[in-house]
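**Student:** Have a look at this one.
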Amino acid sequence: MPILNRPDGRIAYRAQGSGFPVLLFAPGGLRSRMEMWSSPSGSPPRPWVDWTQALPAAGFTAVAMDQRNAGNSRSTIEADHGWHTYAADHLALMAHLGFGRFHVLGGCIGGSFCLKAVEMAPQRVTAAVLQNPIGLHPEHPEYFPNSHATWSREQREARPELDGAAIEAFGHNMWGGDFVFSIDRTFARSCPVPTMLLPGSDTPHPAATSAELANLLPGVEVLENWRGPEHLAAQEARVVAFLRRHTPGA
């Protein structure tokens with residue numbers, strides 16, 4: 001598996017296909033990793049398209065990755081790390097592959113990764129697809145801090161040398177805000193790239209957050225009925241059409 005060496009660790013990734021690049025951020029929260037796109041053998045199918053396969057078939061280059069400290073990627077965890085740290089990995093990976101401009105598509109936490117990439121490099125990101133985006137649930141504000149505590153225990157058990165105070169500070173940087181955590185509403189209101197939204201509907205992916213995004217993002221295209229086997233064909237067709245429409249030179 002190809003590896004991108006970073007100043008504080010390594011990032012595992014895979015690039016498939018040819019054509020304009022799409023950087024993929026898999027579902028899974030802080031455990032976001034490439035394998036989350038496909039359905040495990042013998043398990044029920046995922047409610048989303050496997051974009052690592054569908055996009056190359058549609059003429060794009062799909063770049064998938066294991067986020068830092070997930071799957072085969074490992075890095076330090078410092079007190080000043082946060083959304084910007086992940087975005088720096090994302091931009092470095094695409095530069096490493098020679099892609100100056102690219103689309104982004106993210107499921108779950110990937111929606112917040114997409115928006116942070118746009119905020120940090122609007123001249124490089126050409127379009128963003130937000131699938132099932134996370135956000136602060138108004139009735140369950142403890143969800144992500146509690147999930148972070150569980151993730152922290154897993155990290156410390158696997159790597160006892162990690163600093164507990166640093167992991168806690170990192171958690172505050174990630175989950176101490178509101179909305180989609182990685183950006184604020186002011187930026188969403190002025191988002192400079194075309195966006196497509198596949199809304200969420202549960203505790204980690206609140207309907208209220210998706211409704212706000214639909215209201216705030218300028219000109220956002222919304223696909224309401226996208227989740228589940230009966231919608232996979234339409235999901236794939238609409239997303240591919242959106243990405244083609246916003247591909248430079250298309």
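Lettering and numbering for the structure tokens are positional, with chains as A, B, ... in the shown order, residues counted from 1 in each chain, and ligands counted from 1 in the shown order.
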Tell me which protein, DNA and RNA residues are within 12 Å of Pro56 of chain A, counting only C-alpha atoms, leaving out same-chain ones fewer than 4 positions away, and put them as a list in words.

**Tutor:**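 The residues that qualify are Ala15, Gln16, Gly17, Ser18, Gly19, Phe20, Pro21, Val22, Leu23, Asp50, Trp51, Thr52, Phe60, Thr61, Ala62, Val63, Ala64 and Val240 of chain A.
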
**Student:** Can you pull out the residues contacting Ala149 of chain A? Cut-off 9 Å, using only C-alpha atoms, and skip same-chain residues under 5 positions away; I want them as a list in words.

**Tutor:**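 Residues near the query, excluding close chain neighbours: Phe144, Glu154, Glu168 and Gly171 of chain A.
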
**Student:** Export C-alpha atoms of the chosen residues as a tab-separated table (two decimals), in the first residue's frame?

**Tutor:**
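Contents of the output file again37.tsv:
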chain	number	residue	atom	x	y	z
A	144	PHE	CA	-19.04	13.36	20.05
A	154	GLU	CA	-8.47	2.67	22.34
A	168	GLU	CA	-7.92	15.41	25.65
A	171	GLY	CA	-10.60	16.27	21.48

**Student:** Which polymer residues have any atom within 10 Å of an atom of segment 36-48 of chain A, counting only C-alpha atoms, with same-chain residues fewer than 4 positions away left out, as a PyMOL selection string?

**Tutor:** chain A and resi 24-28+31-32+52-53+64+66+107+131-132+226-233+235-236

**Student:** Pull the helix (DSSP H, G or I) assignments for segment 7-247 of chain A out of DSSP run on the backbone, and list those residues as a ChimeraX atom specification.

**Tutor:** /A:29-31,34-37,51-57,83-96,109-120,143-158,164-175,185-189,207-216,229-245

**Student:** Return the single residue from A:Leu4, A:Val49, A:Val180, A:Ala234 that is closest to Ala207 of chain A, with distances computed using only C-alpha atoms.

**Tutor:**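 With only C-alpha atoms as the atom set, the closest residue is A:Val180.
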
**Student:** Which is closest to Ala166 of chain A among A:Ser152, A:Glu139, A:Ser147, A:Val125, if we use only C-alpha atoms?

**Tutor:**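 Comparing A:Ser152, A:Glu139, A:Ser147, A:Val125 against Ala166 of chain A, the winner is A:Ser152.
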
**Student:** Smallest atom-to-atom distance to Ala165 of chain A: which of A:Met196, A:Val104, A:Ala88, A:Ile77, using only C-alpha atoms?

**Tutor:**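 Of all the options, A:Ile77 lies closest to Ala165 of chain A.
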
**Student:** Applying 9 Å and only C-alpha atoms, which residues near segment 184-190 of chain A remain after dropping the ones on its own chain fewer than 2 positions away? List them as JSON, numbers by chain.

**Tutor:** {"A": [115, 119, 177, 178, 179, 180, 181, 182, 192, 212, 213, 215, 216, 217, 218]}

**Student:** Might you pull out every residue within 10 Å of segment 126-128 of chain A, with only C-alpha atoms counted and same-chain residues fewer than 6 positions away left off, and present them as a list in words?

**Tutor:**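 That gives Val22, Leu23, Arg101, Phe102, His103, Val104, Leu105, Gly106, Gly111, Cys114, Leu115, Ala117, Val118, Pro192, Val193, Pro194, Thr195, Met196, Leu197, Val220, Phe242, Leu243, Arg244, Arg245, His246, Thr247 and Pro248 of chain A.
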
**Student:** With N, CA, C and O atoms retained, export the selected residues as a compact mmCIF listing (two decimals), in the first residue's frame.

**Tutor:**
# COMPACT_ATOMS: atom_id res chain seq x y z
N VAL A 22 -10.66 13.02 -7.48
CA VAL A 22 -11.62 13.22 -6.40
C VAL A 22 -11.01 12.63 -5.13
O VAL A 22 -10.71 11.44 -5.09
N LEU A 23 -10.78 13.46 -4.12
CA LEU A 23 -10.25 13.01 -2.85
C LEU A 23 -11.40 12.56 -1.97
O LEU A 23 -12.34 13.32 -1.72
N ARG A 101 -5.51 20.77 -8.46
CA ARG A 101 -6.92 21.03 -8.20
C ARG A 101 -7.66 19.70 -8.17
O ARG A 101 -7.29 18.75 -8.87
N PHE A 102 -8.73 19.64 -7.40
CA PHE A 102 -9.43 18.37 -7.21
C PHE A 102 -10.79 18.61 -6.56
O PHE A 102 -11.02 19.63 -5.89
N HIS A 103 -11.69 17.66 -6.78
CA HIS A 103 -12.95 17.61 -6.05
C HIS A 103 -12.73 16.89 -4.72
O HIS A 103 -11.76 16.12 -4.57
N VAL A 104 -13.66 17.09 -3.78
CA VAL A 104 -13.66 16.33 -2.53
C VAL A 104 -15.05 15.72 -2.34
O VAL A 104 -16.06 16.33 -2.70
N LEU A 105 -15.07 14.53 -1.77
CA LEU A 105 -16.32 13.84 -1.44
C LEU A 105 -16.12 13.14 -0.11
O LEU A 105 -15.17 12.36 0.03
N GLY A 106 -17.00 13.41 0.84
CA GLY A 106 -16.82 12.82 2.16
C GLY A 106 -18.11 12.34 2.77
O GLY A 106 -19.16 12.99 2.66
N GLY A 111 -17.71 14.94 5.57
CA GLY A 111 -18.32 16.21 5.20
C GLY A 111 -17.60 17.38 5.83
O GLY A 111 -17.36 18.41 5.19
N CYS A 114 -14.30 17.85 4.12
CA CYS A 114 -14.49 18.56 2.85
C CYS A 114 -14.54 20.06 3.08
O CYS A 114 -13.85 20.84 2.39
N LEU A 115 -15.35 20.50 4.01
CA LEU A 115 -15.55 21.92 4.24
C LEU A 115 -14.28 22.58 4.76
O LEU A 115 -13.97 23.72 4.40
N ALA A 117 -11.22 21.59 4.00
CA ALA A 117 -10.33 21.68 2.85
C ALA A 117 -10.68 22.88 1.98
O ALA A 117 -9.80 23.60 1.50
N VAL A 118 -11.98 23.12 1.81
CA VAL A 118 -12.41 24.29 1.04
C VAL A 118 -11.96 25.58 1.73
O VAL A 118 -11.46 26.50 1.09
N PRO A 192 -17.15 29.19 -1.30
CA PRO A 192 -16.84 29.63 -2.66
C PRO A 192 -16.86 28.55 -3.73
O PRO A 192 -16.60 28.84 -4.89
N VAL A 193 -17.14 27.30 -3.36
CA VAL A 193 -17.14 26.23 -4.37
C VAL A 193 -18.52 25.59 -4.45
O VAL A 193 -19.30 25.63 -3.48
N PRO A 194 -18.87 24.98 -5.58
CA PRO A 194 -20.16 24.28 -5.71
C PRO A 194 -20.23 23.11 -4.72
O PRO A 194 -19.23 22.40 -4.51
N THR A 195 -21.40 22.90 -4.14
CA THR A 195 -21.58 21.83 -3.16
C THR A 195 -22.82 21.01 -3.49
O THR A 195 -23.80 21.51 -4.06
N MET A 196 -22.74 19.74 -3.09
CA MET A 196 -23.90 18.85 -3.17
C MET A 196 -24.07 18.21 -1.80
O MET A 196 -23.08 17.82 -1.16
N LEU A 197 -25.31 18.07 -1.35
CA LEU A 197 -25.61 17.57 -0.01
C LEU A 197 -26.50 16.35 -0.09
O LEU A 197 -27.56 16.37 -0.73
N VAL A 220 -26.47 25.21 -3.13
CA VAL A 220 -26.23 23.79 -2.90
C VAL A 220 -27.28 22.93 -3.60
O VAL A 220 -28.46 23.27 -3.65
N PHE A 242 -23.04 15.68 -11.02
CA PHE A 242 -22.61 16.90 -10.33
C PHE A 242 -21.11 17.12 -10.49
O PHE A 242 -20.65 18.21 -10.83
N LEU A 243 -20.33 16.07 -10.25
CA LEU A 243 -18.88 16.20 -10.35
C LEU A 243 -18.45 16.49 -11.78
O LEU A 243 -17.55 17.32 -12.01
N ARG A 244 -19.05 15.83 -12.75
CA ARG A 244 -18.71 16.12 -14.15
C ARG A 244 -19.02 17.57 -14.51
O ARG A 244 -18.26 18.24 -15.21
N ARG A 245 -20.16 18.05 -14.03
CA ARG A 245 -20.59 19.40 -14.37
C ARG A 245 -19.62 20.45 -13.84
O ARG A 245 -19.47 21.53 -14.43
N HIS A 246 -18.95 20.14 -12.75
CA HIS A 246 -18.06 21.11 -12.12
C HIS A 246 -16.57 20.77 -12.30
O HIS A 246 -15.72 21.35 -11.62
N THR A 247 -16.28 19.84 -13.19
CA THR A 247 -14.90 19.52 -13.50
C THR A 247 -14.32 20.59 -14.42
O THR A 247 -14.91 20.86 -15.48
N PRO A 248 -13.21 21.19 -14.05
CA PRO A 248 -12.62 22.23 -14.92
C PRO A 248 -12.36 21.70 -16.33
O PRO A 248 -11.85 20.59 -16.51

**Student:** Can you work out which one of A:Pro122, A:Gly71, A:Pro133, A:Pro138 has the shortest atom-to-atom distance to Ala214 of chain A, counting only C-alpha atoms?

**Tutor:** A:Pro133

**Student:** How many Å separate atom CA of His84 of chain A from atom CA of Arg68 of chain A?

**Tutor:**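 Taking atom CA of His84 of chain A as the start and atom CA of Arg68 of chain A as the end point, the length is 12.4 Å.
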
**Student:** One decimal, Å: what's the distance from atom CA of Met65 of chain A over to atom CA of His137 of chain A, could you say?

**Tutor:**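 So the two atoms, atom CA of Met65 of chain A and atom CA of His137 of chain A, lie 27.2 Å apart.
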
**Student:** Closest to Arg14 of chain A among A:Gly29, A:Ala92, A:Ile109, A:Leu97, using only C-alpha atoms?

**Tutor:**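 Result for the nearest residue to Arg14 of chain A: A:Leu97.
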
**Student:** Between atom CA of Ile183 of chain A and atom CA of Ile134 of chain A, what distance in Å does the model show, to one decimal?

**Tutor:**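 Straight-line distance from atom CA of Ile183 of chain A to atom CA of Ile134 of chain A works out to 12.0 Å.
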
**Student:** Could you pull out the strand (DSSP E) residues of segment 47-190 of chain A from DSSP and send them as a list in words?

**Tutor:**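 Taking segment 47-190 of chain A and keeping strand (DSSP E) only, one gets Thr61, Ala62, Val63, Ala64, Met65, Arg74, Ser75, Phe102, His103, Val104, Leu105, Gly106, Gly107, Val125, Thr126, Ala127, Ala128, Val129, Leu130 and Gln131 of chain A.
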